[in-house]
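Everything below concerns the one structure shown next.
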Amino acid sequence: ADFVTACNVEEEQYSERVYIIREGETLELQCLVTGHPRPQMRWTKTAGGGSDSQGKLSLEGGTLKIENISRHQGGRYYCKAENGLGFPAIRSIRVDVYYLDKPVITVHQSDDEAKEQFYFERTVFLRCAANSNPPVHYTWTRDREVLAEGSDSGVEIYKPFFTQGQTKILKLKNLRLQDYADYTCFASVKNSCGIRDRSTHFVLNNRTAPPSVKILLDDPVVVNPGETITLVCKVMGGHPFPTLRWLRLEDEELPRRAIVKDGTLTVPVISDDDGGTYNCVASNNVGNPAKKFITILVRGLRKGRFWITPDPYHNEDNIQIGREVKISCQVEATPSDELQFSWLKNGRPLKSSERMVITHTDPNISPGTTNLDIIDLKFTDFGTYTCVASLRNGGIPEISIDVNISSTTVPPELSVPKGQSQLIVREGDPVDLQCLVSGKPKPIIMWSRVEESGQTAALAPTMPDGSVQMESYDGILRIYNVTRKMSGAYRCQTSQYNGFNVKPREALIHLVVQFTPTVKPVYTEVRQALGRAFSLTCNLLEAYPAHHLQYEWKLGSRLLTVGQFSDQSHDTSYHVKALNREGYGEYTCDITNEAGTGRCTFLLTGKAYRPEFYHDTFNALWQNRPQVYGFKLQWTQMEPNSVDRIVAYRLGIRQMDQTRWWEQGINISGPIQKGQLLTYNLTELIKPESYLVRLTPITRYGQGDTSERTITYSGEFHCSFEEEALCSFSQDKLDEFDWIRQSGTKEGTTYTPNTGPSSDHTGSSQGFYMFIETSRPRLEGDKARLMSPIFNINTKSVSSSSASNNPTYCFTFYYHMFGKHIGALNIFLRLKGQMLTDTLVWSLTGNQGNYWQQARVNIHPTTTFQVVMEGVRGSGIEGNIAIDDVTIEEGECKDSPSNSENLHSVNFIF
């Protein structure tokens, strides 16, 4: 990866790097990957991943980009590249995010007794703390004079051991008059990553005191829904003047409509959800913050319910004349002490008497309940009884609950219709679970799932709507789209309230959901050569019922084999000993149970996989003709041994602005190996047109999968010496010795210490470069010349009348000149006229350091030309010179550097 905007990239043990960046800046990590086929790249981060929520993150072309990086996004990032060959390449880098928050000074004393002269003759601690990375360094000043340990006998400066160096305490022992002063704490990370120092001031005087506050309302505050409530918190003391905040308990947020201003909290149009305890907090960094609580009660009545208790002294659940009956009503009220009840019979007020006793429970002990005891029930007592709940101070609608008492009032009974205790249904169908309920008044039915044996409460099954319990007024639970997860036991039971005060009745219904077999693979393509054996396997993942499962294999419509699964088997396979042409086609395996069929589908084909173009191929090849260019098409064949031998490729080529394709065949003489690089030169391509190239492998089976790529003329020649052909570079036969092609991992080459590179210019030890070996028998002054291919200039831009109109080309290359005996590297422009002329256009001598540097040279040929790169041996063996990545392109060099300018960047190469 190429790390560009880091504050600093440090080596950390061996090959690991630390990338340091300032918080708020943009992190950009680039993964430079080599390999063929083109590797797939993925960025990950330990403990969190590259997609942390802080900051904007993007991944493009192997580049990880995080805008506005936060401190929480530091950590170790990994770039992983894999292409199916060998082991994946993985490199990591630790990102360290630097930041420095403004320090905070808090003031404490050794004695908590508050008096007028709060800090007189006491020990005072000024604590300075700041969050930072790297660890912060603190400096204290008093009235601009730096305080240091030992500079004042009345002052101690130390770090508490438990804060890991992020806090610095200034201790003033037995406060003196000179200690009343302006103190400043400076926090510094020593300009790391360009982070400037930050500071905070505090003025200590004899008025310095911790905060105290008061809320100007009695607790609790009772309001009606829809009203506006204003809570006023007033500062009663403290210096410096405290700041005020309003909070809710349990870290709840303030209501969205709430308005806070200068300690006043206003909540307009208050609702039940806004009730609760509110906290006013005053702080001035002296002592501990002051807190005051107040509770808001929003008036309301909720959850009205009733139940009937037959005579508790007789073991009967029925209501009978001459026995006792109790009617109970319960509501929740806020505030509970304002709750009041009244009773009506057939719409007329009812007062407590000897035979009809009205009692109320203490609302402060339990939710408000009222009871009406009817002693010695008479026929005239049948009727409608209404309990009415209200709040004493009004403003809230009453709650009325009607209870009918008659000769037909009977307790509830619950049952399941005959034959309905177990229901069998197919997945996707609707189903009704029904419980018959009787009784007057008729209770609400509650439906729930029954936990299966071995199931923990955390994994208890839920109802179809995701809840734990569902209500039903008609005793029916309707499920419109049954899934396999809904199988199991369902319980229906009468609710505890809105009925008799008797033990809830309940019943169970078992729901059995049948579903078609789930199989794998649902669809897959299989490629196979003629004459080979192969097997197709269909795996059974899940089915209900899971017994008596049948399987059936077909090729197209032709039945191949049938059978039945045993109870222990989970798959079925079809085997072919030798594939013939009739064996190609679509194979299906159907696995069937009572609910339906699951199908595995296999498309068996002899098609060759697609070719993969070699992505490191540079664009145009220069030719010794001005109007045309060529291109070396290179590719590997994906999985060449999976199918029959590829005998040829069909090559199609089309100019981008035209519709006509030109096609030709490329014959292949022998078998292709996996990873083998295939080459075909395209010629007669017209400058500067682009072309679409299509390549299709051909086997005995026929055409395989096609790959396409676009070829664009760029006016550029590039050579990185990765191939032995050296891009048509050649050695001069008249020089004393030759340039050598070399990589950092190549063995067998004489190695001279303290000279020459250990890798190519990208940092890759697998990459190649050219170098001169200056060990014996080389002598001082010996020359090695490497000559480029012959280039034809663009004659359309040449004017015979003006030499200044000659075309300009930019010649670029990387060089490595390290060693105390370095001689010279010379670049000549060789013009091909009636006679050869060599002109020196660039030269550099002497040791340039152990790193690669780039040179760019403008050349102005007037006719067909070559570039000659000459290495000259110096005075000793430590004089190896290397070159890499040579480029010639039309036009002047952009931002042409001086010969000595170091353009080497930090690379993190896979």
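Residues are named by chain letter and number: chains run A, B, ... in the order of the structure tokens, numbers start at 1 in each chain, and ligands are numbered from 1 in the order shown.
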**Message:** Let's see if you can do this: from backbone DSSP, list all strand (DSSP E or B) residues in region 339-493 of chain A, as JSON, numbers by chain.
**Reply:** {"A": [339, 340, 341, 342, 343, 344, 345, 348, 349, 350, 356, 357, 358, 359, 360, 369, 370, 371, 372, 373, 374, 383, 384, 385, 386, 387, 388, 389, 390, 391, 399, 400, 401, 402, 403, 404, 405, 410, 411, 412, 413, 414, 415, 422, 423, 424, 425, 426, 431, 432, 433, 434, 436, 437, 438, 439, 440, 445, 446, 447, 448, 449, 469, 470, 471, 472, 476, 477, 478, 479, 488, 489, 490, 491, 492, 493]}
Restricted to C-alpha atoms, what would the selected residues look like written as a PDB file, in the first residue's frame?
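out-v5.pdb was written with the following content:
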```pdb
ATOM      1  CA  LEU A 339     -57.917   8.421  42.984  1.00  0.00           C
ATOM      2  CA  GLN A 340     -61.557   8.097  44.045  1.00  0.00           C
ATOM      3  CA  PHE A 341     -64.269   5.530  43.212  1.00  0.00           C
ATOM      4  CA  SER A 342     -68.067   5.557  43.094  1.00  0.00           C
ATOM      5  CA  TRP A 343     -70.542   2.756  42.342  1.00  0.00           C
ATOM      6  CA  LEU A 344     -73.782   2.727  40.345  1.00  0.00           C
ATOM      7  CA  LYS A 345     -76.503   0.096  40.034  1.00  0.00           C
ATOM      8  CA  ARG A 348     -78.201   5.058  39.926  1.00  0.00           C
ATOM      9  CA  PRO A 349     -75.693   5.919  42.650  1.00  0.00           C
ATOM     10  CA  LEU A 350     -75.063   3.119  45.138  1.00  0.00           C
ATOM     11  CA  MET A 356     -73.839  -4.092  49.954  1.00  0.00           C
ATOM     12  CA  VAL A 357     -70.440  -3.211  51.404  1.00  0.00           C
ATOM     13  CA  ILE A 358     -68.161  -0.848  49.406  1.00  0.00           C
ATOM     14  CA  THR A 359     -64.453  -0.874  50.361  1.00  0.00           C
ATOM     15  CA  HIS A 360     -61.361   0.795  48.876  1.00  0.00           C
ATOM     16  CA  THR A 369     -58.890  -1.240  43.839  1.00  0.00           C
ATOM     17  CA  THR A 370     -62.504  -0.962  44.927  1.00  0.00           C
ATOM     18  CA  ASN A 371     -64.706  -3.886  46.012  1.00  0.00           C
ATOM     19  CA  LEU A 372     -68.463  -4.258  46.173  1.00  0.00           C
ATOM     20  CA  ASP A 373     -69.506  -7.166  48.434  1.00  0.00           C
ATOM     21  CA  ILE A 374     -73.113  -8.306  47.873  1.00  0.00           C
ATOM     22  CA  GLY A 383     -78.509  -5.957  37.186  1.00  0.00           C
ATOM     23  CA  THR A 384     -75.659  -3.868  35.825  1.00  0.00           C
ATOM     24  CA  TYR A 385     -73.137  -2.564  38.327  1.00  0.00           C
ATOM     25  CA  THR A 386     -70.794   0.239  37.292  1.00  0.00           C
ATOM     26  CA  CYS A 387     -67.655   1.306  39.107  1.00  0.00           C
ATOM     27  CA  VAL A 388     -66.489   4.827  38.194  1.00  0.00           C
ATOM     28  CA  ALA A 389     -62.869   5.906  38.765  1.00  0.00           C
ATOM     29  CA  SER A 390     -61.908   9.605  38.754  1.00  0.00           C
ATOM     30  CA  LEU A 391     -59.243  11.949  40.078  1.00  0.00           C
ATOM     31  CA  ILE A 399     -63.200   5.510  33.632  1.00  0.00           C
ATOM     32  CA  SER A 400     -66.421   3.488  33.871  1.00  0.00           C
ATOM     33  CA  ILE A 401     -66.522  -0.310  34.059  1.00  0.00           C
ATOM     34  CA  ASP A 402     -69.825  -2.172  33.664  1.00  0.00           C
ATOM     35  CA  VAL A 403     -70.358  -5.603  35.264  1.00  0.00           C
ATOM     36  CA  ASN A 404     -73.527  -7.596  34.632  1.00  0.00           C
ATOM     37  CA  ILE A 405     -74.774  -9.883  37.403  1.00  0.00           C
ATOM     38  CA  VAL A 410     -71.387 -18.302  34.830  1.00  0.00           C
ATOM     39  CA  PRO A 411     -67.616 -18.824  35.022  1.00  0.00           C
ATOM     40  CA  PRO A 412     -65.642 -19.444  31.818  1.00  0.00           C
ATOM     41  CA  GLU A 413     -65.024 -22.842  30.267  1.00  0.00           C
ATOM     42  CA  LEU A 414     -62.455 -23.593  27.579  1.00  0.00           C
ATOM     43  CA  SER A 415     -62.130 -26.484  25.129  1.00  0.00           C
ATOM     44  CA  GLN A 422     -53.513 -31.373  16.256  1.00  0.00           C
ATOM     45  CA  LEU A 423     -53.482 -29.484  12.970  1.00  0.00           C
ATOM     46  CA  ILE A 424     -51.339 -30.504   9.986  1.00  0.00           C
ATOM     47  CA  VAL A 425     -50.747 -27.731   7.444  1.00  0.00           C
ATOM     48  CA  ARG A 426     -48.340 -27.123   4.577  1.00  0.00           C
ATOM     49  CA  VAL A 431     -54.554 -21.902   9.293  1.00  0.00           C
ATOM     50  CA  ASP A 432     -57.000 -21.117  12.132  1.00  0.00           C
ATOM     51  CA  LEU A 433     -56.281 -22.361  15.658  1.00  0.00           C
ATOM     52  CA  GLN A 434     -59.589 -22.374  17.585  1.00  0.00           C
ATOM     53  CA  LEU A 436     -64.159 -22.724  22.250  1.00  0.00           C
ATOM     54  CA  VAL A 437     -64.870 -20.424  25.191  1.00  0.00           C
ATOM     55  CA  SER A 438     -68.096 -20.099  27.170  1.00  0.00           C
ATOM     56  CA  GLY A 439     -69.110 -18.112  30.201  1.00  0.00           C
ATOM     57  CA  LYS A 440     -70.711 -14.816  31.017  1.00  0.00           C
ATOM     58  CA  ILE A 445     -58.403 -15.386  25.312  1.00  0.00           C
ATOM     59  CA  MET A 446     -54.620 -15.106  25.493  1.00  0.00           C
ATOM     60  CA  TRP A 447     -52.539 -17.162  23.017  1.00  0.00           C
ATOM     61  CA  SER A 448     -48.895 -18.094  23.626  1.00  0.00           C
ATOM     62  CA  ARG A 449     -46.283 -20.655  22.544  1.00  0.00           C
ATOM     63  CA  GLN A 469     -48.576 -13.195  23.689  1.00  0.00           C
ATOM     64  CA  MET A 470     -51.521 -12.366  21.432  1.00  0.00           C
ATOM     65  CA  GLU A 471     -55.115 -11.508  22.405  1.00  0.00           C
ATOM     66  CA  SER A 472     -58.226 -12.986  20.817  1.00  0.00           C
ATOM     67  CA  ILE A 476     -59.453 -17.939  17.112  1.00  0.00           C
ATOM     68  CA  LEU A 477     -55.755 -17.427  16.283  1.00  0.00           C
ATOM     69  CA  ARG A 478     -55.432 -16.777  12.555  1.00  0.00           C
ATOM     70  CA  ILE A 479     -52.101 -17.371  10.775  1.00  0.00           C
ATOM     71  CA  GLY A 488     -45.069 -26.496  17.938  1.00  0.00           C
ATOM     72  CA  ALA A 489     -47.572 -26.320  20.776  1.00  0.00           C
ATOM     73  CA  TYR A 490     -49.842 -23.304  21.243  1.00  0.00           C
ATOM     74  CA  ARG A 491     -51.623 -22.539  24.526  1.00  0.00           C
ATOM     75  CA  CYS A 492     -54.964 -20.717  24.748  1.00  0.00           C
ATOM     76  CA  GLN A 493     -56.078 -19.563  28.197  1.00  0.00           C
TER      77      GLN A 493
END
```
**Asked** Excluding same-chain residues fewer than 3 positions from region 875-885 of chain A, what lies within 7 Å of it counting only C-alpha atoms, as a ChimeraX atom specification?
**Response** /A:718-720,752,754-756,760-761,769-775,780,813-817,819-823,871
**Surrounding residues of Leu249 (chain A) excluding itself and chain neighbours under 2 positions, 9 Å, only C-alpha atoms, as a ChimeraX atom specification** = /A:247,251-253,276-279
**For Met638 (chain A), the nearest of the candidates A:Ile396, A:Cys31, A:Ala333, A:Leu85, counting only C-alpha atoms** = A:Leu85
Name the residues in contact with Leu541 (chain A) at a cut-off of 9 Å, using only C-alpha atoms, excluding same-chain residues fewer than 4 positions from it; report them as a PDB file with C-alpha atoms, in the first residue's frame.
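Saved the output as out_33.pdb:
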```
ATOM      1  CA  PRO A 517     -37.342 -30.796   1.109  1.00  0.00           C
ATOM      2  CA  THR A 518     -34.665 -28.110   1.152  1.00  0.00           C
ATOM      3  CA  VAL A 519     -31.758 -29.180  -1.030  1.00  0.00           C
ATOM      4  CA  LYS A 520     -28.313 -28.013  -2.048  1.00  0.00           C
ATOM      5  CA  HIS A 570     -28.726 -37.123   3.776  1.00  0.00           C
ATOM      6  CA  ASP A 571     -27.716 -37.145   0.109  1.00  0.00           C
TER       7      ASP A 571
END
```
**Fill in**
One residue among A:Ser535, A:Thr408, A:Asn174, A:Gln564 is nearest to Asn593 (chain A) when using only C-alpha atoms, and that residue is A:Gln564
**Message:** Residues within 12 Å of Phe737 (chain A), please, as a list in words. Count only C-alpha atoms; anything in the same chain fewer than 6 positions from it doesn't count.
**Reply:** Gln731, Phe771, Ile772, Glu773, Thr774, Ser775, Arg776, Pro777, Arg778, Leu779, Gly781, Asp782, Lys783, Ala784, Arg785, Leu786, Glu870, Gly871, Val872 and Arg873 of chain A
Keeping N, CA, C and O atoms, export the residues of the selection given above as a CSV table (one decimal), in the first residue's frame.
```
chain,number,residue,atom,x,y,z
A,731,GLN,N,21.3,-5.5,-26.6
A,731,GLN,CA,22.6,-5.1,-26.1
A,731,GLN,C,23.4,-4.7,-27.3
A,731,GLN,O,23.4,-5.2,-28.4
A,771,PHE,N,20.7,-4.3,-14.6
A,771,PHE,CA,21.8,-3.7,-13.9
A,771,PHE,C,23.1,-4.1,-14.5
A,771,PHE,O,23.2,-5.1,-15.3
A,772,ILE,N,24.1,-3.3,-14.1
A,772,ILE,CA,25.5,-3.7,-14.6
A,772,ILE,C,26.3,-4.3,-13.4
A,772,ILE,O,26.2,-3.7,-12.3
A,773,GLU,N,26.9,-5.4,-13.6
A,773,GLU,CA,27.7,-6.0,-12.5
A,773,GLU,C,29.2,-5.6,-12.8
A,773,GLU,O,29.8,-5.8,-13.8
A,774,THR,N,29.7,-4.9,-11.7
A,774,THR,CA,31.1,-4.2,-11.9
A,774,THR,C,32.2,-5.0,-11.2
A,774,THR,O,33.3,-4.5,-11.1
A,775,SER,N,31.9,-6.3,-10.8
A,775,SER,CA,33.0,-7.1,-10.3
A,775,SER,C,33.9,-7.5,-11.4
A,775,SER,O,33.6,-7.3,-12.6
A,776,ARG,N,35.0,-8.2,-11.0
A,776,ARG,CA,36.0,-8.7,-12.0
A,776,ARG,C,35.3,-9.6,-13.0
A,776,ARG,O,34.4,-10.3,-12.6
A,777,PRO,N,35.6,-9.6,-14.3
A,777,PRO,CA,36.9,-9.0,-14.8
A,777,PRO,C,36.7,-7.5,-15.3
A,777,PRO,O,37.4,-7.0,-16.2
A,778,ARG,N,35.6,-6.8,-14.9
A,778,ARG,CA,35.4,-5.5,-15.4
A,778,ARG,C,36.5,-4.5,-14.9
A,778,ARG,O,37.0,-4.7,-13.8
A,779,LEU,N,36.8,-3.6,-15.8
A,779,LEU,CA,37.9,-2.6,-15.5
A,779,LEU,C,37.2,-1.2,-15.5
A,779,LEU,O,36.2,-1.0,-16.1
A,781,GLY,N,36.1,2.3,-16.4
A,781,GLY,CA,35.8,2.9,-17.7
A,781,GLY,C,35.1,1.9,-18.7
A,781,GLY,O,34.7,2.4,-19.8
A,782,ASP,N,35.0,0.6,-18.4
A,782,ASP,CA,34.3,-0.3,-19.3
A,782,ASP,C,32.8,0.2,-19.4
A,782,ASP,O,32.2,0.7,-18.4
A,783,LYS,N,32.2,0.0,-20.6
A,783,LYS,CA,30.9,0.5,-20.8
A,783,LYS,C,30.0,-0.6,-21.2
A,783,LYS,O,30.4,-1.6,-21.9
A,784,ALA,N,28.7,-0.5,-20.8
A,784,ALA,CA,27.6,-1.5,-21.2
A,784,ALA,C,26.5,-0.6,-21.7
A,784,ALA,O,26.0,0.3,-21.1
A,785,ARG,N,26.1,-0.9,-23.0
A,785,ARG,CA,25.0,-0.1,-23.6
A,785,ARG,C,23.8,-1.0,-23.9
A,785,ARG,O,23.9,-2.1,-24.4
A,786,LEU,N,22.6,-0.4,-23.5
A,786,LEU,CA,21.3,-1.1,-23.7
A,786,LEU,C,20.5,-0.2,-24.7
A,786,LEU,O,20.3,1.0,-24.4
A,870,GLU,N,23.7,3.9,-21.2
A,870,GLU,CA,25.1,3.5,-21.1
A,870,GLU,C,25.4,3.5,-19.6
A,870,GLU,O,25.3,4.6,-18.9
A,871,GLY,N,25.9,2.4,-19.1
A,871,GLY,CA,26.5,2.3,-17.8
A,871,GLY,C,28.0,2.2,-17.8
A,871,GLY,O,28.5,1.4,-18.6
A,872,VAL,N,28.7,3.0,-17.1
A,872,VAL,CA,30.1,3.1,-17.1
A,872,VAL,C,30.7,2.6,-15.7
A,872,VAL,O,30.2,3.1,-14.7
A,873,ARG,N,31.6,1.7,-15.8
A,873,ARG,CA,32.2,1.1,-14.6
A,873,ARG,C,33.1,2.1,-13.9
A,873,ARG,O,33.9,2.8,-14.5
```
**Request:** Record the distance separating CA of Gly428 (chain A) and CA of Thr483 (chain A), expressed in Å with one decimal.
**Result:** 6.2 Å
**Request:** Counting only C-alpha atoms, figure out which residue out of A:Arg94, A:Lys687, A:His239, A:Arg122 gets nearest to Ala209 (chain A).
**Result:** A:His239
**Separation of CA of Ile90 (chain A) from CA of His36 (chain A), in Å and rounded to one decimal** =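 Separation of CA of Ile90 (chain A) and CA of His36 (chain A): 16.1 Å.
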